[in-house]
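**Q** target-v3.txt is reproduced below (compact mmCIF, C-alpha atoms and all ligand atoms).
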# COMPACT_ATOMS: atom_id res chain seq x y z
CA MET A 121 77.06 67.58 84.69
CA HIS A 122 76.38 68.79 88.22
CA PRO A 123 78.66 71.57 89.48
CA ARG A 124 81.09 70.35 92.17
CA ARG A 125 79.89 71.04 95.73
CA LEU A 126 82.06 73.56 97.57
CA THR A 127 84.09 72.19 100.46
CA ALA A 128 83.32 73.63 103.89
CA MET A 129 86.54 75.68 103.76
CA GLU A 130 85.71 77.00 100.30
CA THR A 131 82.25 78.08 101.45
CA LEU A 132 83.71 79.73 104.51
CA ARG A 133 86.37 81.55 102.54
CA ARG A 134 83.92 82.75 99.92
CA THR A 135 83.53 86.33 101.08
CA ILE A 136 86.26 86.65 103.67
CA GLU A 137 88.26 89.75 102.85
CA LEU A 138 91.73 89.28 101.45
CA THR A 139 93.76 90.29 104.49
CA GLN A 140 91.70 87.96 106.73
CA ARG A 141 91.67 84.94 104.39
CA TYR A 142 95.00 83.39 105.30
CA SER A 143 96.76 82.38 108.48
CA VAL A 144 100.37 82.04 109.53
CA SER A 145 100.23 78.31 108.72
CA ASP A 146 99.52 79.21 105.06
CA LEU A 147 103.00 80.78 104.89
CA ARG A 148 104.34 77.22 104.56
CA ILE A 149 103.32 77.37 100.91
CA PHE A 150 106.34 79.57 100.14
CA SER A 151 109.48 77.99 98.70
CA SER A 152 112.78 79.02 100.25
CA ALA A 153 113.40 81.46 97.37
CA GLU A 154 109.96 83.00 97.99
CA ARG A 155 110.54 83.11 101.73
CA ALA A 156 113.78 85.00 101.17
CA ARG A 157 111.87 87.69 99.26
CA PHE A 158 108.47 87.89 100.94
CA LEU A 159 109.07 87.12 104.61
CA PRO A 160 111.17 89.62 106.52
CA SER A 161 114.03 87.72 108.12
CA GLY A 162 113.84 87.21 111.85
CA THR A 163 110.03 87.57 111.93
CA PRO A 164 108.57 84.09 112.53
CA HIS A 165 104.95 85.32 112.43
CA PRO A 166 104.83 88.38 110.18
CA PRO A 167 101.50 90.22 109.95
CA ILE A 168 99.64 89.19 106.80
CA ASP A 169 99.23 92.60 105.22
CA ARG A 170 97.64 93.20 101.81
CA SER A 171 100.89 92.66 99.91
CA LEU A 172 101.65 89.33 101.61
CA ALA A 173 98.00 88.27 101.27
CA PHE A 174 98.25 88.78 97.50
CA GLU A 175 101.34 86.54 97.41
CA LEU A 176 99.34 83.86 99.25
CA LEU A 177 96.39 84.36 96.91
CA TYR A 178 98.62 83.68 93.85
CA ARG A 179 99.70 80.39 95.43
CA LEU A 180 96.55 79.22 97.22
CA GLU A 181 93.66 80.59 95.16
CA PRO A 182 94.95 81.60 91.72
CA GLU A 183 91.47 81.07 90.28
CA LEU A 184 90.16 83.80 92.59
CA TYR A 185 92.88 86.15 91.32
CA GLU A 186 91.74 85.37 87.77
CA ARG A 187 88.17 86.33 88.63
CA LEU A 188 89.44 89.69 89.88
CA VAL A 189 91.58 90.47 86.84
CA ALA A 190 88.83 89.36 84.45
CA ALA A 191 87.11 92.59 85.53
CA GLU A 192 90.24 94.78 85.32
CA ARG A 193 90.89 95.23 81.62
CA ILE A 194 93.97 97.18 80.60
CA HIS A 195 93.14 100.33 78.60
CA PRO A 196 93.17 99.29 74.90
CA ALA A 197 95.46 102.25 74.04
CA VAL A 198 98.09 100.90 76.47
CA LEU A 199 98.01 97.54 74.70
CA GLU A 200 98.14 99.20 71.28
CA TRP A 201 101.10 101.36 72.37
CA LEU A 202 103.33 98.32 72.97
CA PRO A 203 105.84 97.77 70.14
CA ARG A 204 105.67 94.76 67.82
CA VAL A 205 108.97 92.93 68.30
CA ASP A 206 110.75 89.64 67.74
CA ARG A 207 111.87 88.95 71.30
CA ALA A 208 109.89 89.92 74.40
CA VAL A 209 110.39 89.17 78.08
CA GLU A 210 107.48 89.64 80.48
CA VAL A 211 108.19 89.61 84.21
CA GLY A 212 105.50 88.69 86.75
CA ALA A 213 103.30 87.35 83.96
CA GLY A 214 100.74 85.89 86.37
CA THR A 215 97.95 84.07 84.58
CA GLY A 216 98.55 85.99 81.38
CA ARG A 217 96.41 89.12 81.32
CA LEU A 218 99.12 90.91 79.30
CA THR A 219 100.80 87.78 77.90
CA THR A 220 97.83 86.83 75.72
CA HIS A 221 98.04 90.25 74.12
CA LEU A 222 101.83 90.07 73.68
CA LEU A 223 101.37 86.82 71.79
CA THR A 224 99.57 88.75 69.05
CA ARG A 225 102.50 91.13 68.51
CA CYS A 226 105.74 89.34 69.49
CA ALA A 227 107.42 86.48 67.67
CA HIS A 228 108.79 84.92 70.87
CA ILE A 229 108.09 85.54 74.56
CA VAL A 230 109.80 84.51 77.75
CA ALA A 231 107.21 84.79 80.54
CA VAL A 232 108.84 84.89 83.98
CA GLU A 233 106.55 84.08 86.92
CA PRO A 234 107.59 82.89 90.40
CA ALA A 235 104.28 81.45 91.67
CA ARG A 236 104.05 77.82 90.53
CA ARG A 237 100.25 77.65 90.36
CA MET A 238 100.09 80.88 88.36
CA ARG A 239 102.63 79.41 85.91
CA GLU A 240 100.56 76.24 85.64
CA ARG A 241 97.41 78.21 84.83
CA LEU A 242 99.30 80.28 82.29
CA ARG A 243 100.70 77.14 80.68
CA THR A 244 97.21 75.61 80.45
CA ALA A 245 95.70 78.81 79.06
CA LEU A 246 98.38 79.01 76.34
CA SER A 247 98.61 75.31 75.56
CA SER A 248 97.28 75.79 72.03
CA GLU A 249 100.04 78.26 71.09
CA PRO A 250 102.56 76.93 68.57
CA SER A 251 105.49 75.23 70.27
CA GLY A 252 108.52 77.49 70.60
CA LYS A 253 106.42 80.68 70.71
CA ILE A 254 106.50 81.09 74.49
CA ASP A 255 108.72 79.87 77.32
CA ILE A 256 107.14 80.07 80.76
CA VAL A 257 109.83 80.07 83.42
CA ASP A 258 110.26 80.40 87.16
CA GLY A 259 112.10 83.52 88.31
CA PHE A 260 112.11 86.82 90.16
CA PHE A 261 112.70 90.42 89.12
CA ASP A 262 115.98 90.57 91.04
CA ALA A 263 117.52 87.54 89.27
CA LEU A 264 115.94 87.20 85.83
CA PRO A 265 116.80 83.84 84.23
CA VAL A 266 117.41 85.53 80.89
CA PRO A 267 120.69 86.46 79.11
CA ASP A 268 121.99 90.02 78.82
CA ALA A 269 120.66 92.14 75.96
CA SER A 270 118.36 89.38 74.70
CA ALA A 271 114.97 91.13 74.40
CA ASP A 272 113.63 93.94 72.23
CA LEU A 273 110.79 94.48 74.70
CA VAL A 274 111.04 93.89 78.45
CA VAL A 275 107.67 94.47 80.03
CA THR A 276 105.80 93.97 83.26
CA CYS A 277 102.16 94.61 84.17
CA SER A 278 100.96 95.35 87.68
CA ALA A 279 103.87 93.47 89.25
CA LEU A 280 106.90 95.76 89.74
CA GLU A 281 107.05 97.68 93.01
CA ARG A 282 109.67 99.91 94.59
CA ASP A 283 110.23 97.47 97.46
CA ALA A 284 112.95 94.85 96.98
CA ALA A 285 110.52 91.91 97.36
CA HIS A 286 108.74 92.99 94.19
CA GLY A 287 111.69 94.19 92.15
CA GLY A 288 112.93 97.47 93.54
CA ASN A 289 116.11 99.03 92.13
CA THR A 290 117.69 95.60 91.52
CA GLY A 291 114.65 94.42 89.57
CA LEU A 292 114.63 97.55 87.44
CA ALA A 293 118.36 97.10 86.72
CA GLU A 294 117.70 93.47 85.79
CA MET A 295 114.98 94.47 83.31
CA GLU A 296 117.46 96.91 81.76
CA ARG A 297 120.25 94.29 81.67
CA VAL A 298 118.02 91.93 79.71
CA SER A 299 116.99 94.65 77.25
CA ALA A 300 118.87 94.77 73.92
CA PRO A 301 120.38 98.06 72.70
CA GLY A 302 117.58 100.08 71.09
CA GLY A 303 114.99 97.97 72.92
CA VAL A 304 112.33 99.30 75.24
CA ILE A 305 111.53 98.60 78.87
CA VAL A 306 107.86 99.12 79.74
CA VAL A 307 106.07 99.13 83.07
CA VAL A 308 102.34 98.77 82.46
CA TRP A 309 99.99 100.11 85.18
CA PRO A 310 102.91 101.46 87.21
CA ASN A 311 102.95 102.37 90.86
CA HIS A 312 105.57 104.77 92.22
CA LEU A 313 105.83 107.04 89.19
CA ASP A 314 108.30 109.33 91.00
CA TRP A 315 110.66 106.39 91.46
CA LEU A 316 110.40 105.39 87.80
CA THR A 317 110.84 108.92 86.45
CA ALA A 318 113.91 109.32 88.70
CA HIS A 319 115.29 106.28 86.84
CA GLY A 320 114.71 107.93 83.45
CA TYR A 321 111.26 106.50 82.63
CA THR A 322 108.65 108.53 80.74
CA HIS A 323 105.04 108.40 81.87
CA VAL A 324 102.22 107.96 79.34
CA SER A 325 98.55 108.04 80.33
CA PHE A 326 95.49 107.46 78.16
CA PRO A 327 92.19 109.23 78.86
CA GLY A 328 88.60 108.03 78.89
CA PRO A 329 86.17 106.54 81.38
CA MET A 330 87.18 103.19 82.88
CA TRP A 331 85.25 100.74 85.05
CA MET A 332 85.81 97.38 86.57
CA GLU A 333 83.42 95.15 84.64
CA PHE A 334 82.36 92.06 86.57
CA ARG A 335 80.35 89.29 84.93
CA ASP A 336 77.28 90.19 86.96
CA THR A 337 76.15 92.07 90.05
CA ASP A 338 76.66 89.16 92.44
CA GLU A 339 80.23 88.80 91.22
CA ALA A 340 80.84 92.55 91.72
CA ILE A 341 79.56 92.32 95.30
CA GLU A 342 81.55 89.19 96.14
CA MET A 343 84.77 90.57 94.64
CA ALA A 344 84.27 93.88 96.46
CA GLU A 345 83.73 92.05 99.77
CA ILE A 346 87.01 90.20 99.29
CA PHE A 347 89.25 92.78 97.62
CA PHE A 348 87.67 96.18 98.37
CA PRO A 349 85.76 95.70 101.65
CA HIS A 350 85.73 99.47 102.32
CA ALA A 351 83.62 99.85 99.14
CA ALA A 352 81.42 96.75 99.46
CA ALA A 353 78.39 98.61 100.85
CA GLU A 354 78.53 101.11 97.99
CA VAL A 355 78.89 98.31 95.40
CA ARG A 356 75.89 96.52 96.94
CA ALA A 357 73.85 99.74 96.92
CA ARG A 358 74.67 100.39 93.25
CA GLY A 359 73.52 96.89 92.27
CA LYS A 360 75.54 96.98 89.05
CA ALA A 361 78.18 94.75 87.45
CA ARG A 362 80.13 97.78 86.26
CA ILE A 363 81.89 99.75 89.00
CA PRO A 364 83.93 102.95 88.45
CA TYR A 365 87.50 102.58 89.69
CA ASP A 366 87.19 105.60 91.97
CA VAL A 367 84.41 103.84 93.96
CA LEU A 368 86.91 101.06 94.68
CA GLY A 369 89.78 103.48 95.40
CA VAL A 370 91.92 102.01 92.62
CA ASN A 371 93.77 103.95 89.93
CA PRO A 372 92.56 102.64 86.56
CA PRO A 373 94.93 100.66 84.29
CA ARG A 374 95.39 103.52 81.84
CA ASP A 375 99.14 104.25 82.32
CA LEU A 376 102.55 103.01 81.36
CA ALA A 377 106.11 104.13 81.97
CA PHE A 378 108.83 103.36 79.45
CA LYS A 379 112.52 103.79 78.77
CA VAL A 380 114.43 103.21 75.54
CA ASN A 381 117.70 101.36 76.02
CA ARG A 382 120.25 103.78 74.51
CA ARG A 383 123.31 101.60 75.20
C1 LIG A 401 99.18 91.63 90.38
S1 LIG A 401 99.92 90.20 89.71
C2 LIG A 401 100.02 90.65 87.98
C3 LIG A 401 100.04 89.47 87.11
C4 LIG A 401 99.89 89.79 85.62
N1 LIG A 401 101.01 90.54 85.14
C5 LIG A 401 98.60 90.54 85.40
O1 LIG A 401 98.65 91.67 84.93
O2 LIG A 401 97.54 90.00 85.74
C6 LIG A 401 101.61 90.30 90.23
C7 LIG A 401 102.45 89.14 89.72
O3 LIG A 401 103.83 89.39 90.02
C8 LIG A 401 104.40 88.21 90.50
N2 LIG A 401 105.52 88.57 91.39
C9 LIG A 401 105.48 88.91 92.69
N3 LIG A 401 106.71 89.16 93.16
C10 LIG A 401 107.56 88.98 92.13
C11 LIG A 401 108.97 89.08 91.99
N4 LIG A 401 109.74 89.44 93.00
N5 LIG A 401 109.50 88.81 90.79
C12 LIG A 401 108.71 88.47 89.73
N6 LIG A 401 107.36 88.37 89.80
C13 LIG A 401 106.79 88.62 90.98
C14 LIG A 401 103.28 87.50 91.24
O4 LIG A 401 103.55 86.12 91.41
C15 LIG A 401 102.09 87.82 90.36
O5 LIG A 401 101.91 86.86 89.36
Can the structure from this file be put into structure tokens for me?
Ligand SMILES: C[S@@+](CC[C@H](N)C(=O)[O-])C[C@H]1O[C@@H](n2cnc3c(N)ncnc32)[C@H](O)[C@@H]1O
**A**
Amino acid sequence: MHPRRLTAMETLRRTIELTQRYSVSDLRIFSSAERARFLPSGTPHPPIDRSLAFELLYRLEPELYERLVAAERIHPAVLEWLPRVDRAVEVGAGTGRLTTHLLTRCAHIVAVEPARRMRERLRTALSSEPSGKIDIVDGFFDALPVPDASADLVVTCSALERDAAHGGNTGLAEMERVSAPGGVIVVVWPNHLDWLTAHGYTHVSFPGPMWMEFRDTDEAIEMAEIFFPHAAAEVRARGKARIPYDVLGVNPPRDLAFKVNRR
């Protein structure tokens, strides 16, 4: 079978950096619930900064996001640290980088993900799982569609932020509401550690060298041009598929922050 020819727009977009990829007209992709979170009210043409560009990426080019995360593997000790439980809720599940691992250690998972095309990809990726093992649902950190005290593990990976659009204090409180007494709330690859520790979370970090591991050198260069343009020249000069995180200016996925629900 011949590979499909790229459309003119696909070819053009190939190496355009993330914050330049999308235009104001792309904002139409957002549902009203997404608009309420991601677009500051009263700003008809908000600047498309990196955070907003990622939200557009999840909705317009989820396959490109998957190519990025294929190279960003969570530290195995982080995955091993997660408890084996009956009932887990994952928020901001994306295309399932953590979810696939949770499936090996949790009897039932509710995966909450607001971006429709990310949910669709997750559903396709997990279609061979036994029915009843996972529910993939629409929802946001600040209004989790999950009953009180219904999960032994409430977890999120690379999705929770301190700002309200990506969880904030309300999102953290929602994760705790959903957690059963004696359960654990875990933020994998956390940002804003000061914020989390102020809310009673304990930081755990695992040592060892970590790289982003692209499938080949061309992929490393293309991904750097799109996601880490400041480092693209260095990635090109190295000519390797494996790039240390510090070259890209990214903290490696070696951390988690957790809290036991003592209610
Ligand atoms: C960087 S991706 C991480 C996805 C996945 N957890 C992973 O590790 O690959 C962030 C995810 O959070 C989701 N997200 C963004 N804002 C959210 C919100 N307010 N509530 C819930 N999920 C959100 C995005 O749609 C996206 O799938």
**Q** May I have the residues within 7 Å of ligand LIG 401 (chain A), computed using all atoms listed in the file, as a list in words?
**A**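 Written in the requested form, the residues are Arg157, Glu175, Tyr178, Val189, Val211, Gly212, Ala213, Gly214, Thr215, Gly216, Arg217, Leu218, Val232, Glu233, Pro234, Ala235, Met238, Gly259, Phe260, Phe261, Asp262, Thr276, Cys277, Ser278, Ala279, Ala285, His286 and Gly287 of chain A.
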**Q** What is the atom CA of Asp366 of chain A-atom CA of Phe158 of chain A distance in Å, reported with one decimal?
**A**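 These two atoms are separated by 29.1 Å.
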**Q** List as number ranges by chain the protein and nucleic acid residues near Met295 of chain A, meaning an atom at most 12 Å away when all atoms listed in the file are counted, but skip any in the same chain fewer than 5 places from it.
**A** A: 208-212, 232, 260-276, 280, 287-290, 300, 303-307, 378-381
**Q** Which of these residues is nearest to Val230 of chain A, using all atoms listed in the file: A:Glu200, A:Glu137, A:Glu281, A:Asp206?
**A**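 Answer, going by the shortest atom-to-atom distance: A:Asp206.
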**Q** In terms of the shortest atom-to-atom distance over all atoms listed in the file, which of A:Asp258, A:Glu294, A:Asp169, A:Asp283 is closest to Val144 of chain A?
**A** A:Asp169
